[in-house]
Amino acid sequence: YEIMEKMRKYRKFDAHAHVGMNRSHPDDAARQIDENDRLGIEWASISYPVLSREVPFRPEEARENNDVIYKAMKRFPNRFIGFFTLNPHFPKESLEEIKRCVDLGFRGYKGYLQVKINDPLYYPIIEKLIDLKMICLMHAECEIGVGGHRMKYDIGEKAFATIPEDMIEAARRYPEAIFQWAHIGGGGDWEYMCKSFADIPNIYVDCSGSNNEEGIVDGAIRILGEDRIFFGTDNSFYQGVGKILASNTSEAQKRKLFFDNYNNMLRKGGYHVA
């Protein structure tokens with residue numbers, strides 16, 4: 001059994017990655033390309049959300065981070081596609097930034113934890129994403145608390161983080177929108193997440209994250225079906241690849257998860273790759 005040979009059998013499109021967040025490395029974009037080459041990841045969707053917990057942060061911060069992504073897109077045009085970030089507290093500036101980023105060739109949106117996805121502040125953003133047929137990728141959480149009880153928030157630290165009920169409300173309000181729930185492998189209660197979304201067809205999940213609980217991919221397929229799950233790493237590269245390789249999925253299912261599902265979703269707006 002040669003795992004590297006098996007790994008390279010599949011085209012891979014990372015549906016959740018970041019550039020600019022690893023400040024310990026002088027060239028984060030090149031470092032990620034090196035990681036992707038080692039694992040046979042052909043394409044990656046990259047973003048750089050504003051990590052500040054200040055609410056609201058300056059809208060210029062989102063623009064600055066988007067510029068980092070734009071530079072990486074231009075430097076590696078056949079490896080990276082860009083997702084912009086915004087500050088929903090500033091609706092006018094957000095819509096202006098969407099237009100700027102669309103003109104620059106960005107292909108989707110990445111939200112973080114400063115505003116919940118079902119907050120009315122998000123309505124004009126979601127409506128614009130619907131017009132553009134773009135994916136709305138949200139950092140989201142569903143923590144496991146003391147004694148195994150699910151907590152809504154991480155010890156009260158992230159009061160504006162999106163939780164499953166928030167995304168469900170937004171998805172029902174906007175059934176034509178495309179929502180991507182981030183990192184079911186990020187350490188939360190992934191079974192609760194998937195079960196919550198089972199009957200909400202416009203919510204998709206990526207299986208990124210550094211947590212590698214056995215059965216997470218097989219369980220997600222059992223609950224959501226094989227078409228609503230995207231391969232992703234959230235920059236936990238080998239974990240993202242390994243959890244799909246270690247699953248009990250068929251060859252056809254692995255091809256869907258690693259590449260086809262995400263690329264086909266991007267195709268709805270003409271943002272897919274060849």
# chains A, B, ... in the order shown; residues from 1 in each chain; ligands from 1

call {"tool": "residues_around", "arguments": {"residues": "Pro175 (chain A)", "least_positions_apart": "6", "cutoff": "12 Å", "atoms": "only C-alpha atoms", "output": "list of chain:residue names"}}
result
A:Ile126, A:Glu127, A:Ile130, A:Met167, A:Ile168, A:Glu169, A:Asp199, A:Ile200, A:Pro201, A:Asn202, A:Ile203

call {"tool": "write_last_selection", "arguments": {"atoms": "N, CA and C atoms", "output": "JSON list (two decimals), in the first residue's frame"}}
result
[["chain", "number", "residue", "atom", "x", "y", "z"],
["A", 126, "ILE", "N", -26.04, 39.18, 1.33],
["A", 126, "ILE", "CA", -26.54, 37.91, 0.81],
["A", 126, "ILE", "C", -27.28, 38.13, -0.50],
["A", 127, "GLU", "N", -28.09, 39.18, -0.57],
["A", 127, "GLU", "CA", -28.85, 39.45, -1.79],
["A", 127, "GLU", "C", -27.93, 39.75, -2.97],
["A", 130, "ILE", "N", -26.44, 36.48, -4.08],
["A", 130, "ILE", "CA", -27.41, 35.74, -4.88],
["A", 130, "ILE", "C", -27.38, 36.24, -6.32],
["A", 167, "MET", "N", -27.50, 29.87, 10.64],
["A", 167, "MET", "CA", -27.39, 29.62, 9.21],
["A", 167, "MET", "C", -28.68, 29.03, 8.64],
["A", 168, "ILE", "N", -29.34, 28.20, 9.42],
["A", 168, "ILE", "CA", -30.62, 27.64, 8.98],
["A", 168, "ILE", "C", -31.63, 28.75, 8.74],
["A", 169, "GLU", "N", -31.69, 29.70, 9.66],
["A", 169, "GLU", "CA", -32.62, 30.82, 9.50],
["A", 169, "GLU", "C", -32.31, 31.62, 8.23],
["A", 199, "ASP", "N", -32.18, 18.79, 6.14],
["A", 199, "ASP", "CA", -33.34, 19.15, 5.33],
["A", 199, "ASP", "C", -33.25, 20.57, 4.77],
["A", 200, "ILE", "N", -32.05, 21.14, 4.78],
["A", 200, "ILE", "CA", -31.84, 22.50, 4.25],
["A", 200, "ILE", "C", -30.91, 22.37, 3.03],
["A", 201, "PRO", "N", -31.46, 22.22, 1.84],
["A", 201, "PRO", "CA", -30.64, 21.82, 0.68],
["A", 201, "PRO", "C", -29.65, 22.85, 0.20],
["A", 202, "ASN", "N", -29.78, 24.12, 0.60],
["A", 202, "ASN", "CA", -28.83, 25.12, 0.12],
["A", 202, "ASN", "C", -27.71, 25.41, 1.11],
["A", 203, "ILE", "N", -27.54, 24.53, 2.12],
["A", 203, "ILE", "CA", -26.38, 24.59, 3.01],
["A", 203, "ILE", "C", -25.47, 23.41, 2.69]]

call {"tool": "select_by_dssp", "arguments": {"residues": "region 176-246 of chain A", "states": "strand (DSSP E)", "output": "list in words"}}
result
Ile178, Phe179, Gln180, Trp181, Ile203, Tyr204, Val205, Asp206, Ile229 and Phe230 of chain A

call {"tool": "residues_around", "arguments": {"residues": "region 233-235 of chain A", "least_positions_apart": "4", "cutoff": "8 Å", "atoms": "only C-alpha atoms", "output": "list of chain:residue names"}}
result
A:Asp14, A:Ala15, A:His16, A:Ala17, A:His18, A:His183, A:Cys207, A:Ser208, A:Gly209, A:Ser210, A:Gln239, A:Gly240, A:Val241

call {"tool": "write_last_selection", "arguments": {"atoms": "all heavy atoms", "output": "tab-separated table (two decimals), in the first residue's frame"}}
result
chain	number	residue	atom	x	y	z
A	14	ASP	N	-9.23	22.66	-2.89
A	14	ASP	CA	-9.41	23.01	-1.48
A	14	ASP	C	-10.45	24.14	-1.38
A	14	ASP	O	-10.20	25.27	-1.81
A	14	ASP	CB	-8.07	23.46	-0.90
A	14	ASP	CG	-8.10	23.68	0.60
A	14	ASP	OD1	-9.20	23.78	1.17
A	14	ASP	OD2	-7.00	23.77	1.20
A	15	ALA	N	-11.59	23.84	-0.78
A	15	ALA	CA	-12.69	24.79	-0.71
A	15	ALA	C	-12.59	25.75	0.47
A	15	ALA	O	-13.47	26.59	0.64
A	15	ALA	CB	-14.02	24.02	-0.62
A	16	HIS	N	-11.53	25.64	1.26
A	16	HIS	CA	-11.41	26.51	2.44
A	16	HIS	C	-9.94	26.59	2.85
A	16	HIS	O	-9.42	25.72	3.55
A	16	HIS	CB	-12.25	25.95	3.58
A	16	HIS	CG	-12.25	26.80	4.81
A	16	HIS	ND1	-13.13	26.59	5.83
A	16	HIS	CD2	-11.48	27.85	5.20
A	16	HIS	CE1	-12.91	27.47	6.80
A	16	HIS	NE2	-11.90	28.24	6.43
A	17	ALA	N	-9.29	27.66	2.41
A	17	ALA	CA	-7.89	27.87	2.77
A	17	ALA	C	-7.66	29.37	2.96
A	17	ALA	O	-8.49	30.20	2.60
A	17	ALA	CB	-6.96	27.32	1.69
A	18	HIS	N	-6.52	29.69	3.55
A	18	HIS	CA	-6.20	31.09	3.85
A	18	HIS	C	-4.77	31.40	3.45
A	18	HIS	O	-3.89	30.56	3.56
A	18	HIS	CB	-6.37	31.37	5.35
A	18	HIS	CG	-7.74	31.10	5.86
A	18	HIS	ND1	-8.82	31.87	5.53
A	18	HIS	CD2	-8.22	30.11	6.68
A	18	HIS	CE1	-9.90	31.39	6.12
A	18	HIS	NE2	-9.56	30.32	6.82
A	183	HIS	N	-15.59	24.17	8.12
A	183	HIS	CA	-14.84	23.22	8.95
A	183	HIS	C	-15.67	22.37	9.93
A	183	HIS	O	-15.64	22.61	11.14
A	183	HIS	CB	-13.71	23.91	9.71
A	183	HIS	CG	-14.00	25.25	10.29
A	183	HIS	ND1	-15.02	25.52	11.17
A	183	HIS	CD2	-13.37	26.43	10.11
A	183	HIS	CE1	-15.00	26.79	11.52
A	183	HIS	NE2	-14.00	27.36	10.88
A	207	CYS	N	-15.24	19.82	4.98
A	207	CYS	CA	-14.76	18.93	6.05
A	207	CYS	C	-13.36	19.32	6.50
A	207	CYS	O	-12.59	18.47	6.96
A	207	CYS	CB	-14.84	17.47	5.62
A	207	CYS	SG	-14.05	17.06	4.06
A	208	SER	N	-13.03	20.61	6.39
A	208	SER	CA	-11.72	21.06	6.81
A	208	SER	C	-11.61	21.07	8.33
A	208	SER	O	-12.57	20.86	9.05
A	208	SER	CB	-11.46	22.47	6.26
A	208	SER	OG	-12.32	23.42	6.87
A	209	GLY	N	-10.37	21.35	8.79
A	209	GLY	CA	-10.11	21.41	10.23
A	209	GLY	C	-9.07	20.40	10.64
A	209	GLY	O	-8.85	19.40	9.96
A	210	SER	N	-8.46	20.64	11.77
A	210	SER	CA	-7.36	19.79	12.22
A	210	SER	C	-7.82	18.60	13.04
A	210	SER	O	-7.00	17.76	13.42
A	210	SER	CB	-6.38	20.62	13.06
A	210	SER	OG	-7.04	21.18	14.19
A	239	GLN	N	-4.22	16.76	7.19
A	239	GLN	CA	-5.43	16.26	7.85
A	239	GLN	C	-6.62	16.29	6.90
A	239	GLN	O	-7.43	15.37	6.87
A	239	GLN	CB	-5.74	17.10	9.10
A	239	GLN	CG	-4.69	17.03	10.19
A	239	GLN	CD	-3.74	18.21	10.14
A	239	GLN	OE1	-3.38	18.68	9.07
A	239	GLN	NE2	-3.31	18.68	11.31
A	240	GLY	N	-6.73	17.38	6.13
A	240	GLY	CA	-7.84	17.49	5.19
A	240	GLY	C	-7.83	16.41	4.14
A	240	GLY	O	-8.88	15.84	3.81
A	241	VAL	N	-6.66	16.10	3.61
A	241	VAL	CA	-6.54	15.04	2.60
A	241	VAL	C	-6.73	13.68	3.25
A	241	VAL	O	-7.45	12.82	2.74
A	241	VAL	CB	-5.17	15.12	1.90
A	241	VAL	CG1	-4.97	13.91	0.98
A	241	VAL	CG2	-5.04	16.41	1.10

call {"tool": "residues_around", "arguments": {"residues": "Gln114 (chain A)", "least_positions_apart": "2", "cutoff": "12 Å", "atoms": "only C-alpha atoms", "output": "PyMOL selection string"}}
result
chain A and resi 49-58+85-89+111-112+116-117+119+121-122+138-140+157-162

call {"tool": "write_last_selection", "arguments": {"atoms": "C-alpha atoms", "output": "PDB file, in the first residue's frame"}}
result
ATOM      1  CA  PRO A  49     -10.775  37.356   7.103  1.00  0.00           C
ATOM      2  CA  VAL A  50     -10.197  40.114   9.628  1.00  0.00           C
ATOM      3  CA  LEU A  51      -9.421  38.308  12.871  1.00  0.00           C
ATOM      4  CA  SER A  52     -10.035  41.274  15.162  1.00  0.00           C
ATOM      5  CA  ARG A  53     -12.693  40.689  17.802  1.00  0.00           C
ATOM      6  CA  GLU A  54     -13.432  44.397  17.915  1.00  0.00           C
ATOM      7  CA  VAL A  55     -16.973  45.128  16.771  1.00  0.00           C
ATOM      8  CA  PRO A  56     -17.058  46.831  14.445  1.00  0.00           C
ATOM      9  CA  PHE A  57     -13.561  46.840  12.972  1.00  0.00           C
ATOM     10  CA  ARG A  58     -12.662  49.429  10.341  1.00  0.00           C
ATOM     11  CA  THR A  85     -14.132  39.417   3.179  1.00  0.00           C
ATOM     12  CA  LEU A  86     -16.271  42.337   4.426  1.00  0.00           C
ATOM     13  CA  ASN A  87     -17.415  44.241   7.480  1.00  0.00           C
ATOM     14  CA  PRO A  88     -21.238  43.960   7.450  1.00  0.00           C
ATOM     15  CA  HIS A  89     -21.484  46.761  10.020  1.00  0.00           C
ATOM     16  CA  GLY A 111     -17.361  35.815   6.556  1.00  0.00           C
ATOM     17  CA  TYR A 112     -15.949  35.596  10.030  1.00  0.00           C
ATOM     18  CA  LYS A 116     -24.095  36.426  12.640  1.00  0.00           C
ATOM     19  CA  ILE A 117     -25.204  35.346   9.174  1.00  0.00           C
ATOM     20  CA  ASP A 119     -28.388  39.398  11.265  1.00  0.00           C
ATOM     21  CA  LEU A 121     -26.892  43.584   8.460  1.00  0.00           C
ATOM     22  CA  TYR A 122     -26.175  40.614   6.217  1.00  0.00           C
ATOM     23  CA  MET A 138     -19.049  31.410   6.861  1.00  0.00           C
ATOM     24  CA  HIS A 139     -16.761  30.742   9.761  1.00  0.00           C
ATOM     25  CA  ALA A 140     -19.165  29.033  12.156  1.00  0.00           C
ATOM     26  CA  GLU A 157     -15.804  34.639  23.890  1.00  0.00           C
ATOM     27  CA  LYS A 158     -17.429  34.816  20.451  1.00  0.00           C
ATOM     28  CA  ALA A 159     -20.931  36.120  21.003  1.00  0.00           C
ATOM     29  CA  PHE A 160     -21.439  36.932  17.327  1.00  0.00           C
ATOM     30  CA  ALA A 161     -20.221  33.658  15.845  1.00  0.00           C
ATOM     31  CA  THR A 162     -22.686  31.923  13.533  1.00  0.00           C
TER      32      THR A 162
END

call {"tool": "residues_around", "arguments": {"residues": "region 248-254 of chain A", "least_positions_apart": "2", "cutoff": "9 Å", "atoms": "only C-alpha atoms", "output": "compact mmCIF listing (two decimals) with N, CA, C and O atoms, in the first residue's frame"}}
result
# COMPACT_ATOMS: atom_id res chain seq x y z
N TYR A 10 -6.30 11.54 -7.30
CA TYR A 10 -7.49 12.40 -7.31
C TYR A 10 -7.12 13.86 -7.53
O TYR A 10 -6.20 14.37 -6.88
N GLY A 215 -14.59 8.52 11.14
CA GLY A 215 -15.96 8.42 10.66
C GLY A 215 -16.62 9.73 10.32
O GLY A 215 -17.79 9.75 9.94
N VAL A 217 -16.19 11.82 7.79
CA VAL A 217 -16.58 11.94 6.37
C VAL A 217 -17.72 10.98 6.06
O VAL A 217 -18.72 11.35 5.43
N ASP A 218 -17.59 9.75 6.51
CA ASP A 218 -18.65 8.76 6.26
C ASP A 218 -19.95 9.19 6.94
O ASP A 218 -21.04 9.04 6.37
N ILE A 221 -21.62 12.03 4.97
CA ILE A 221 -22.28 11.51 3.76
C ILE A 221 -23.58 10.81 4.12
O ILE A 221 -24.60 10.96 3.44
N GLU A 226 -23.72 12.56 -0.60
CA GLU A 226 -22.36 12.75 -1.10
C GLU A 226 -22.17 14.02 -1.91
O GLU A 226 -21.04 14.38 -2.25
N ASP A 227 -23.24 14.74 -2.24
CA ASP A 227 -23.14 15.92 -3.10
C ASP A 227 -23.03 17.23 -2.35
O ASP A 227 -22.79 18.27 -2.96
N ILE A 244 -10.30 12.12 4.10
CA ILE A 244 -11.07 11.58 2.97
C ILE A 244 -10.45 10.28 2.48
O ILE A 244 -11.15 9.30 2.19
N LEU A 245 -9.12 10.23 2.42
CA LEU A 245 -8.46 8.98 2.02
C LEU A 245 -8.79 7.85 2.98
O LEU A 245 -8.92 6.68 2.57
N ALA A 246 -8.92 8.16 4.26
CA ALA A 246 -9.17 7.13 5.27
C ALA A 246 -10.64 6.75 5.38
O ALA A 246 -10.98 5.82 6.13
N LYS A 256 -15.78 13.07 -6.15
CA LYS A 256 -16.76 14.13 -5.89
C LYS A 256 -16.31 15.02 -4.75
O LYS A 256 -16.34 16.26 -4.84
N LEU A 257 -15.90 14.43 -3.64
CA LEU A 257 -15.53 15.20 -2.47
C LEU A 257 -14.27 16.03 -2.72
O LEU A 257 -14.23 17.21 -2.36
N PHE A 258 -13.29 15.43 -3.33
CA PHE A 258 -12.02 16.12 -3.52
C PHE A 258 -12.11 17.27 -4.53
O PHE A 258 -11.39 18.26 -4.40
N PHE A 259 -12.98 17.14 -5.53
CA PHE A 259 -12.93 18.14 -6.60
C PHE A 259 -14.30 18.51 -7.17
O PHE A 259 -14.67 19.69 -7.22

call {"tool": "closest_residue", "arguments": {"among": "A:Cys101, A:Leu132, A:Ala182, A:Ile223", "to": "Lys195 (chain A)", "atoms": "only C-alpha atoms"}}
result
A:Ile223

call {"tool": "atom_distance", "arguments": {"atom1": "CA of Met4 (chain A)", "atom2": "CA of Ile33 (chain A)"}}
result
17.4 Å

call {"tool": "residues_around", "arguments": {"residues": "Phe197 (chain A)", "least_positions_apart": "5", "cutoff": "12 Å", "atoms": "only C-alpha atoms", "output": "list in words"}}
result
Ile163, Pro164, Glu165, Asp166, Met167, Ile168, Glu169, Ala170, Ala171, Arg172, Phe179, Gln180, Trp181, Ile184, Trp190, Glu191, Tyr192, Asn202, Ile203, Tyr204, Val205, Ala220, Ile223, Leu224, Gly225, Arg228 and Ile229 of chain A

call {"tool": "atom_distance", "arguments": {"atom1": "CA of Cys142 (chain A)", "atom2": "CA of Gly185 (chain A)"}}
result
10.9 Å

call {"tool": "closest_residue", "arguments": {"among": "A:Gly242, A:Gly188, A:Gly219, A:Gly269", "to": "Leu129 (chain A)", "atoms": "only C-alpha atoms"}}
result
A:Gly269
